>>> print(open('start_12.txt').read())   # compact mmCIF, C-alpha atoms
# COMPACT_ATOMS: atom_id res chain seq x y z
CA MET A 1 97.97 75.21 109.22
CA SER A 2 101.35 76.74 108.34
CA ALA A 3 101.83 80.46 107.71
CA GLU A 4 102.48 79.78 104.03
CA THR A 5 99.32 77.71 103.67
CA ARG A 6 97.32 80.55 105.24
CA LEU A 7 98.95 83.04 102.89
CA ARG A 8 98.17 80.89 99.86
CA GLU A 9 94.52 80.70 100.88
CA THR A 10 94.36 84.43 101.66
CA ILE A 11 95.73 85.32 98.21
CA CYS A 12 93.14 83.15 96.49
CA LEU A 13 90.28 84.39 98.70
CA LEU A 14 91.09 88.04 98.05
CA ALA A 15 91.52 87.46 94.33
CA LYS A 16 88.19 85.66 94.04
CA SER A 17 86.44 88.42 95.97
CA MET A 18 87.73 91.03 93.53
CA PHE A 19 86.85 88.86 90.54
CA ASP A 20 83.33 88.20 91.82
CA ARG A 21 82.73 91.94 92.18
CA GLY A 22 83.93 92.71 88.66
CA LEU A 23 87.18 94.46 89.60
CA THR A 24 89.07 92.37 87.07
CA GLY A 25 87.71 89.87 84.56
CA GLY A 26 88.63 86.83 82.53
CA SER A 27 92.27 85.88 83.05
CA THR A 28 93.37 89.45 83.82
CA GLY A 29 95.13 90.70 86.93
CA ASN A 30 97.96 89.31 89.02
CA ILE A 31 98.90 89.27 92.68
CA SER A 32 101.99 88.41 94.72
CA ALA A 33 102.95 88.34 98.38
CA ARG A 34 106.07 87.84 100.49
CA THR A 35 106.43 84.61 102.41
CA GLU A 36 107.90 84.43 105.91
CA ASP A 37 111.24 83.22 104.56
CA GLY A 38 111.54 86.15 102.14
CA GLY A 39 110.34 84.32 99.04
CA LEU A 40 107.29 85.11 96.95
CA LEU A 41 103.97 83.54 96.09
CA VAL A 42 102.64 84.75 92.74
CA SER A 43 99.52 84.13 90.67
CA PRO A 44 100.38 82.01 87.60
CA THR A 45 100.23 83.28 84.05
CA GLY A 46 96.94 82.97 82.19
CA THR A 47 94.87 82.25 85.29
CA SER A 48 91.60 83.78 86.44
CA PHE A 49 91.34 85.55 89.79
CA GLY A 50 88.06 83.68 90.21
CA ARG A 51 89.70 80.26 90.04
CA LEU A 52 93.18 80.43 91.57
CA ASP A 53 94.39 77.18 93.14
CA PRO A 54 96.40 77.72 96.36
CA ALA A 55 98.56 74.68 95.60
CA ARG A 56 99.51 75.89 92.11
CA LEU A 57 100.66 79.43 92.93
CA SER A 58 104.14 80.17 91.60
CA ARG A 59 106.67 79.89 94.45
CA PHE A 60 109.95 81.83 94.33
CA ASP A 61 112.84 81.50 96.75
CA THR A 62 114.81 84.40 98.23
CA HIS A 63 117.08 84.45 95.16
CA GLY A 64 114.18 84.95 92.76
CA ARG A 65 114.21 81.38 91.45
CA LEU A 66 110.96 79.58 90.65
CA THR A 67 110.97 76.52 92.89
CA ASP A 68 107.39 75.26 92.75
CA GLY A 69 104.00 75.78 91.15
CA ASP A 70 102.97 76.94 87.69
CA PRO A 71 104.83 79.53 85.56
CA PRO A 72 104.26 83.02 86.98
CA THR A 73 102.51 86.04 85.52
CA LYS A 74 104.35 87.77 82.69
CA GLU A 75 104.20 90.95 84.80
CA MET A 76 106.90 89.69 87.19
CA PRO A 77 109.23 92.61 86.31
CA LEU A 78 106.52 94.97 87.55
CA HIS A 79 106.13 93.12 90.85
CA SER A 80 109.89 92.76 91.34
CA ALA A 81 110.38 96.49 90.82
CA PHE A 82 108.13 97.30 93.77
CA TYR A 83 109.76 94.73 96.05
CA ASP A 84 113.25 95.90 95.11
CA THR A 85 112.55 99.60 95.66
CA ARG A 86 110.13 99.55 98.59
CA SER A 87 111.29 97.72 101.70
CA SER A 88 107.77 98.00 103.17
CA ALA A 89 106.19 96.07 100.28
CA GLY A 90 104.75 92.76 101.44
CA ALA A 91 102.35 92.32 98.54
CA VAL A 92 101.63 93.71 95.07
CA VAL A 93 98.36 93.56 93.16
CA HIS A 94 97.53 94.55 89.59
CA LEU A 95 94.00 94.74 88.16
CA HIS A 96 92.32 95.62 84.89
CA ALA A 97 89.74 97.71 86.72
CA CYS A 98 87.25 99.44 84.44
CA HIS A 99 86.87 102.90 85.99
CA SER A 100 90.54 103.52 86.69
CA VAL A 101 91.42 102.49 83.14
CA ALA A 102 88.71 104.81 81.82
CA TRP A 103 90.05 107.68 83.96
CA SER A 104 93.56 107.09 82.57
CA MET A 105 92.20 107.88 79.08
CA MET A 106 90.64 111.21 80.06
CA PRO A 107 92.22 114.43 78.79
CA GLY A 108 93.76 116.69 81.39
CA VAL A 109 94.48 114.00 84.01
CA ASP A 110 97.48 114.93 86.18
CA ALA A 111 100.15 112.31 85.49
CA ASP A 112 101.94 113.07 88.75
CA ASN A 113 98.79 112.90 90.88
CA PHE A 114 96.39 110.66 88.98
CA LEU A 115 93.44 110.79 91.39
CA PRO A 116 91.64 114.05 92.18
CA PRO A 117 91.24 114.83 95.93
CA LEU A 118 87.63 113.70 96.27
CA THR A 119 87.74 111.75 99.55
CA PRO A 120 90.31 111.34 102.34
CA TYR A 121 90.61 107.59 101.94
CA ALA A 122 92.48 107.41 98.64
CA ILE A 123 94.98 109.92 100.02
CA MET A 124 95.40 107.94 103.23
CA LYS A 125 95.75 104.53 101.55
CA LEU A 126 97.63 105.45 98.38
CA GLY A 127 99.37 108.80 98.64
CA LYS A 128 99.97 110.24 95.17
CA VAL A 129 99.35 107.81 92.32
CA LYS A 130 101.69 108.12 89.33
CA LEU A 131 100.19 107.73 85.85
CA LEU A 132 102.68 105.87 83.66
CA PRO A 133 102.56 105.77 79.84
CA PHE A 134 101.17 102.86 77.86
CA TYR A 135 103.41 99.81 77.55
CA LEU A 136 102.76 96.50 75.88
CA PRO A 137 101.61 93.91 78.44
CA GLY A 138 104.58 92.12 79.91
CA ASP A 139 107.06 94.75 78.73
CA PRO A 140 109.98 94.87 81.22
CA ALA A 141 110.02 98.64 80.65
CA MET A 142 107.07 98.87 83.04
CA GLY A 143 109.28 97.56 85.80
CA GLU A 144 112.02 100.00 84.85
CA ALA A 145 109.51 102.86 85.02
CA VAL A 146 108.57 101.81 88.55
CA ARG A 147 112.24 101.56 89.51
CA GLY A 148 112.68 105.07 88.19
CA LEU A 149 110.31 106.28 90.94
CA ALA A 150 112.93 105.15 93.49
CA GLY A 151 110.38 103.67 95.87
CA LYS A 152 108.56 106.98 96.36
CA ARG A 153 105.16 105.71 95.21
CA SER A 154 103.11 102.79 96.51
CA ALA A 155 100.75 102.91 93.53
CA VAL A 156 100.96 103.52 89.81
CA MET A 157 98.39 103.57 87.04
CA LEU A 158 99.38 102.00 83.73
CA ALA A 159 97.65 104.06 81.04
CA ASN A 160 95.00 102.13 79.08
CA HIS A 161 95.87 99.05 81.15
CA GLY A 162 95.27 99.06 84.91
CA PRO A 163 96.41 100.01 88.41
CA VAL A 164 99.26 98.44 90.38
CA VAL A 165 99.53 98.84 94.15
CA ALA A 166 102.04 97.67 96.75
CA GLY A 167 101.02 97.26 100.40
CA LYS A 168 102.40 95.93 103.66
CA ASP A 169 100.49 92.68 103.09
CA ALA A 170 97.99 91.18 100.65
CA GLU A 171 94.94 92.54 102.42
CA ALA A 172 96.35 96.08 102.61
CA ALA A 173 97.34 96.06 98.94
CA CYS A 174 93.90 94.83 97.88
CA ASN A 175 92.09 97.36 100.07
CA ALA A 176 94.19 100.15 98.60
CA ILE A 177 93.66 99.15 94.97
CA GLU A 178 89.92 98.99 95.58
CA GLU A 179 90.09 102.52 96.97
CA LEU A 180 91.90 103.58 93.81
CA GLU A 181 89.18 102.09 91.61
CA ASP A 182 86.38 103.62 93.72
CA THR A 183 87.97 107.06 93.52
CA ALA A 184 88.38 106.80 89.75
CA ARG A 185 84.70 105.88 89.53
CA LEU A 186 83.79 108.93 91.62
CA ALA A 187 85.97 111.10 89.39
CA ILE A 188 84.10 109.93 86.30
CA LEU A 189 80.72 110.42 87.99
CA MET A 190 81.65 113.99 88.93
CA ARG A 191 83.34 114.95 85.67
CA GLY A 192 81.64 117.98 84.18
CA TYR A 193 80.19 119.06 87.51
CA ASP A 194 81.51 121.79 89.74
CA ALA A 195 82.48 119.24 92.39
CA GLN A 196 83.67 120.45 95.78
CA MET A 197 86.98 118.67 96.17
CA LEU A 198 89.22 118.63 99.22
CA THR A 199 91.22 121.83 99.54
CA PRO A 200 95.03 121.85 99.51
CA GLU A 201 94.90 122.63 103.24
CA GLN A 202 92.65 119.64 103.92
CA VAL A 203 94.95 117.40 101.90
CA SER A 204 97.96 118.72 103.82
CA ASN A 205 96.21 118.03 107.13
CA LEU A 206 95.46 114.45 106.04
CA VAL A 207 99.05 113.88 104.98
CA THR A 208 100.32 115.15 108.33
CA ARG A 209 97.70 113.51 110.54
CA PHE A 210 97.98 110.06 108.98
CA ASP A 211 101.70 110.17 108.12
CA VAL A 212 101.02 109.70 104.41
CA GLU A 213 103.87 109.26 101.94
CA TRP A 214 103.37 112.34 99.80
CA ASP A 215 106.15 112.71 97.28
CA THR A 216 106.55 116.30 96.15
>>> encode(input="start_12.txt", output="structure tokens")
Amino acid sequence: MSAETRLRETICLLAKSMFDRGLTGGSTGNISARTEDGGLLVSPTGTSFGRLDPARLSRFDTHGRLTDGDPPTKEMPLHSAFYDTRSSAGAVVHLHACHSVAWSMMPGVDADNFLPPLTPYAIMKLGKVKLLPFYLPGDPAMGEAVRGLAGKRSAVMLANHGPVVAGKDAEAACNAIEELEDTARLAILMRGYDAQMLTPEQVSNLVTRFDVEWDT
């Protein structure tokens, strides 16, 4: 089995796992990953994460030209923005995850640091998550907003829409976006309670100990 064949199957396996657990539904969500030759494999437009076909993934060459497979997701500008601004990005995933979308609608959410410091794992896997304004789906302005962050964030939250996370590979990106959704769920569960969050000192220790990107 070639490396690209394994990557195709990994993308579809991870996508189905997230779909089966309700992290994105219907034909929502999109995922992409770098190939060994520097190209991209991307989930096609209008497809369900529960039924992706490895052979029909959109295939781009190193010049960004579609060379094989079905037409790609309309959110390609969003994916391209992460790859162009973050040299460490080997995969990008976007979900319509219920709890993170709900948290994006809450009053008083910090746009510069979307997730409250409830557990160490979101900090370790995501760093600070930037809450971006609402854009129409497929609007290239989303990609421009990500470019405006100059590669300083591995994760953004699209208000009223869903999270987007870049990782070193498909598995890392998917693990991180699941951590984002879990933390948003915890935030909603604890809203209205006098929750004992991590202190600034504890957050600082995590950032130092685990070499977290922590844009200030």
>>> residues_around(input="start_12.txt", residues="A:Pro54", least_positions_apart="2", cutoff="6 Å", atoms="all atoms listed in the file", output="PyMOL selection string")
chain A and resi 8-9+56-57
>>> write_last_selection(input="start_12.txt", atoms="C-alpha atoms", output="JSON list (two decimals), in the frame of the given file")
[["chain", "number", "residue", "atom", "x", "y", "z"],
["A", 8, "ARG", "CA", 98.17, 80.89, 99.86],
["A", 9, "GLU", "CA", 94.52, 80.70, 100.88],
["A", 56, "ARG", "CA", 99.51, 75.89, 92.11],
["A", 57, "LEU", "CA", 100.66, 79.43, 92.93]]
>>> closest_residue(input="start_12.txt", among="A:Arg191, A:Arg59, A:Arg65, A:His94", to="A:Val165", atoms="all atoms listed in the file")
A:His94
>>> residues_around(input="start_12.txt", residues="A:Met124", least_positions_apart="6", cutoff="9 Å", atoms="all atoms listed in the file", output="PyMOL selection string")
chain A and resi 206-207+210-213
>>> closest_residue(input="start_12.txt", among="A:Gly167, A:Gly162, A:Gly143, A:Pro77", to="A:Gly127", atoms="only C-alpha atoms")
A:Gly167
>>> atom_distance(input="start_12.txt", atom1="atom CA of A:Thr85", atom2="atom CA of A:Gly151")
4.6 Å
>>> atom_distance(input="start_12.txt", atom1="atom CA of A:Asp61", atom2="atom CA of A:Val164")
22.6 Å
>>> closest_residue(input="start_12.txt", among="A:Asn30, A:Pro137, A:Ala173, A:Glu36", to="A:Ser2", atoms="all atoms listed in the file")
A:Glu36
>>> closest_residue(input="start_12.txt", among="A:Ala170, A:Ala15, A:Leu52, A:Ala122", to="A:Val92", atoms="only C-alpha atoms")
A:Ala170
>>> atom_distance(input="start_12.txt", atom1="atom CA of A:Ala172", atom2="atom CA of A:Val42")
16.3 Å
>>> closest_residue(input="start_12.txt", among="A:Glu4, A:Asp110, A:Glu201, A:Glu75", to="A:Met142", atoms="all atoms listed in the file")
A:Glu75
>>> closest_residue(input="start_12.txt", among="A:Lys74, A:Arg209, A:Arg51, A:His161", to="A:Ser104", atoms="all atoms listed in the file")
A:His161
>>> residues_around(input="start_12.txt", residues="A:Leu126", least_positions_apart="3", cutoff="10 Å", atoms="all atoms listed in the file", output="VMD selection string")
chain A and resid 115 121 to 123 129 153 to 156 165 to 167 173 175 to 177 179 to 180 212 to 214
>>> closest_atom_pairs(input="start_12.txt", of="stretch 69-99 of chain A", to="stretch 18-25 of chain A", cutoff="7 Å", atoms="all atoms listed in the file", output="JSON lines")
{"residue": "A:Leu95", "atom": "CA", "partner": "A:Thr24", "partner_atom": "CA", "distance": 5.6}
{"residue": "A:His96", "atom": "CA", "partner": "A:Thr24", "partner_atom": "CA", "distance": 5.1}
{"residue": "A:Ala97", "atom": "CA", "partner": "A:Leu23", "partner_atom": "CA", "distance": 5.0}
>>> build_atoms(input="start_12.txt", residues="stretch 20-33 of chain A", atoms="N, CA, C and O atoms", output="PDB file, keeping the file's coordinate frame")
ATOM      1  N   ASP A  20      84.793  88.328  91.688  1.00  0.00           N
ATOM      2  CA  ASP A  20      83.330  88.200  91.820  1.00  0.00           C
ATOM      3  C   ASP A  20      82.632  89.551  91.774  1.00  0.00           C
ATOM      4  O   ASP A  20      81.457  89.636  91.390  1.00  0.00           O
ATOM      5  N   ARG A  21      83.334  90.603  92.175  1.00  0.00           N
ATOM      6  CA  ARG A  21      82.730  91.940  92.180  1.00  0.00           C
ATOM      7  C   ARG A  21      83.102  92.757  90.936  1.00  0.00           C
ATOM      8  O   ARG A  21      82.856  93.954  90.881  1.00  0.00           O
ATOM      9  N   GLY A  22      83.677  92.077  89.941  1.00  0.00           N
ATOM     10  CA  GLY A  22      83.930  92.710  88.660  1.00  0.00           C
ATOM     11  C   GLY A  22      85.091  93.670  88.629  1.00  0.00           C
ATOM     12  O   GLY A  22      85.180  94.511  87.724  1.00  0.00           O
ATOM     13  N   LEU A  23      86.030  93.558  89.571  1.00  0.00           N
ATOM     14  CA  LEU A  23      87.180  94.460  89.600  1.00  0.00           C
ATOM     15  C   LEU A  23      88.269  94.055  88.608  1.00  0.00           C
ATOM     16  O   LEU A  23      89.143  94.857  88.275  1.00  0.00           O
ATOM     17  N   THR A  24      88.211  92.832  88.144  1.00  0.00           N
ATOM     18  CA  THR A  24      89.070  92.370  87.070  1.00  0.00           C
ATOM     19  C   THR A  24      88.407  91.131  86.489  1.00  0.00           C
ATOM     20  O   THR A  24      87.790  90.359  87.229  1.00  0.00           O
ATOM     21  N   GLY A  25      88.478  90.948  85.182  1.00  0.00           N
ATOM     22  CA  GLY A  25      87.710  89.870  84.560  1.00  0.00           C
ATOM     23  C   GLY A  25      88.560  88.909  83.769  1.00  0.00           C
ATOM     24  O   GLY A  25      89.755  89.139  83.546  1.00  0.00           O
ATOM     25  N   GLY A  26      87.939  87.819  83.334  1.00  0.00           N
ATOM     26  CA  GLY A  26      88.630  86.830  82.530  1.00  0.00           C
ATOM     27  C   GLY A  26      89.887  86.322  83.205  1.00  0.00           C
ATOM     28  O   GLY A  26      89.875  85.949  84.377  1.00  0.00           O
ATOM     29  N   SER A  27      90.991  86.319  82.467  1.00  0.00           N
ATOM     30  CA  SER A  27      92.270  85.880  83.050  1.00  0.00           C
ATOM     31  C   SER A  27      93.181  87.072  83.316  1.00  0.00           C
ATOM     32  O   SER A  27      94.409  86.948  83.298  1.00  0.00           O
ATOM     33  N   THR A  28      92.571  88.246  83.578  1.00  0.00           N
ATOM     34  CA  THR A  28      93.370  89.450  83.820  1.00  0.00           C
ATOM     35  C   THR A  28      93.731  89.580  85.294  1.00  0.00           C
ATOM     36  O   THR A  28      93.117  88.981  86.162  1.00  0.00           O
ATOM     37  N   GLY A  29      94.718  90.412  85.558  1.00  0.00           N
ATOM     38  CA  GLY A  29      95.130  90.700  86.930  1.00  0.00           C
ATOM     39  C   GLY A  29      96.170  89.722  87.430  1.00  0.00           C
ATOM     40  O   GLY A  29      96.272  88.578  86.962  1.00  0.00           O
ATOM     41  N   ASN A  30      96.974  90.179  88.374  1.00  0.00           N
ATOM     42  CA  ASN A  30      97.960  89.310  89.020  1.00  0.00           C
ATOM     43  C   ASN A  30      98.244  89.836  90.418  1.00  0.00           C
ATOM     44  O   ASN A  30      98.047  91.013  90.709  1.00  0.00           O
ATOM     45  N   ILE A  31      98.677  88.935  91.278  1.00  0.00           N
ATOM     46  CA  ILE A  31      98.900  89.270  92.680  1.00  0.00           C
ATOM     47  C   ILE A  31     100.099  88.478  93.189  1.00  0.00           C
ATOM     48  O   ILE A  31     100.340  87.341  92.757  1.00  0.00           O
ATOM     49  N   SER A  32     100.848  89.086  94.098  1.00  0.00           N
ATOM     50  CA  SER A  32     101.990  88.410  94.720  1.00  0.00           C
ATOM     51  C   SER A  32     102.089  88.824  96.170  1.00  0.00           C
ATOM     52  O   SER A  32     101.572  89.872  96.554  1.00  0.00           O
ATOM     53  N   ALA A  33     102.758  88.015  96.965  1.00  0.00           N
ATOM     54  CA  ALA A  33     102.950  88.340  98.380  1.00  0.00           C
ATOM     55  C   ALA A  33     104.220  87.686  98.895  1.00  0.00           C
ATOM     56  O   ALA A  33     104.599  86.588  98.465  1.00  0.00           O
TER      57      ALA A  33
END
